[in-house]
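Heads up: the structure comes next, in structure tokens.
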Amino acid sequence: MLKTEHYKKSIPNFSLDKVVVGGYYDEEMQRKIRRFKFVQNRVDHVYFRSIFAQIEEEYPCKPDIIVYPPISLRDRIFRWPNHAKILTQLLWKTDAPIVCPFQKKFFSSHQSRRTKRERSKVRDEFFLSSDMDFRDKKILLIDDVITTGYTAHTLGKMLKKAGAEEVIGYFLASEKV
């Protein structure tokens, strides 16, 4: 479902041109995503692949570059793989380069443990660490969940500042609004 207008209303100058989500972050989705993140359960790949296939069918996107958000040092230590990277690489079939051009500052805390107000101040926790050329490119940002939209907005803003023509976000789920 298209959720662009929702995020444009809640975040001034929202940077993503389009936000598409596959469903709501209900108990079933939460269980599947947690199992995927913390146990690296591959069983749910078929389920996630079907969600992304449906999104792509309804809202086609032919990106020049596909990006995903970084994980914090804490997450790297406790559960090593970046689940957004795994989702992107295993579920998205494309010739476009798949990269994480961002880094999270060393001691930043996890977004899920923050209030909406705290999340709104996320803008200086990330930085663009790639010398990749984003000028005049269509960028696809992929992640599992979009909640308040501040992380996606921050990453999209960085990409636009680096010259991206368009930034579109595909997410497995969002909070019910």
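If you're wondering about the labels, chains in the structure tokens are A, B, ... by order shown, residues count from 1 in each chain, ligands from 1 in order shown.
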(message) When you look at Tyr25 in chain A with a cut-off of 7 Å (counting only C-alpha atoms), what residues show up, excluding the ones that are within fewer than 2 positions of it in the same chain? I need them as a ChimeraX atom specification.
(response) /A:23,27,29-30,173-175
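Atom pair CA of Val99 in chain A / CA of Glu28 in chain A: separated by 29.0 Å.
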(request) Mind listing the alpha helix (DSSP H) residues of chain A, per DSSP on the backbone, as a PyMOL selection string? (result) chain A and resi 4-10+27-39+45-58+73-79+83-91+116-119+150-161
(request) Find the residue from A:Leu141, A:Phe134, A:Pro97, A:Leu87 that sits nearest to Val46 in chain A; use only C-alpha atoms when measuring. (result)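 Looking only at the distances to Val46 in chain A, the closest residue turns out to be A:Leu87.
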(request) Please provide as a ChimeraX atom specification all residues within 10 Å of range 32-39 of chain A, with the sequence filter that same-chain residues fewer than 5 positions apart are discarded (counting only C-alpha atoms). (result) /A:25,27,44-45,47-48,78-84,86-87,144-145,172-173
(request) Considering only C-alpha atoms, return as a ChimeraX atom specification whatever protein or nucleic-acid residues lie within 10 Å of Ile66 in chain A, sequence-local ones (same chain, fewer than 2 positions apart) excluded. (result) /A:62-64,68,88-89,92,94-101,138-142,167-169
(request) Per DSSP on the backbone, filter chain A down to the residues in strand (DSSP E) and report them as a PyMOL selection string. (result) chain A and resi 18-24+65-67+98-99+102-104+126-128+138-146+166-174
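Take the candidates A:Pro12, A:Gly163, A:Pro70, A:Gly149 and check each one against Glu125 in chain A using only C-alpha atoms; the shortest distance goes to A:Pro70.
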(request) Considering only C-alpha atoms, state which residue in the set A:His6, A:Lys161, A:Arg42, A:Lys93 is at the smallest distance from Val19 in chain A. (result) A:His6
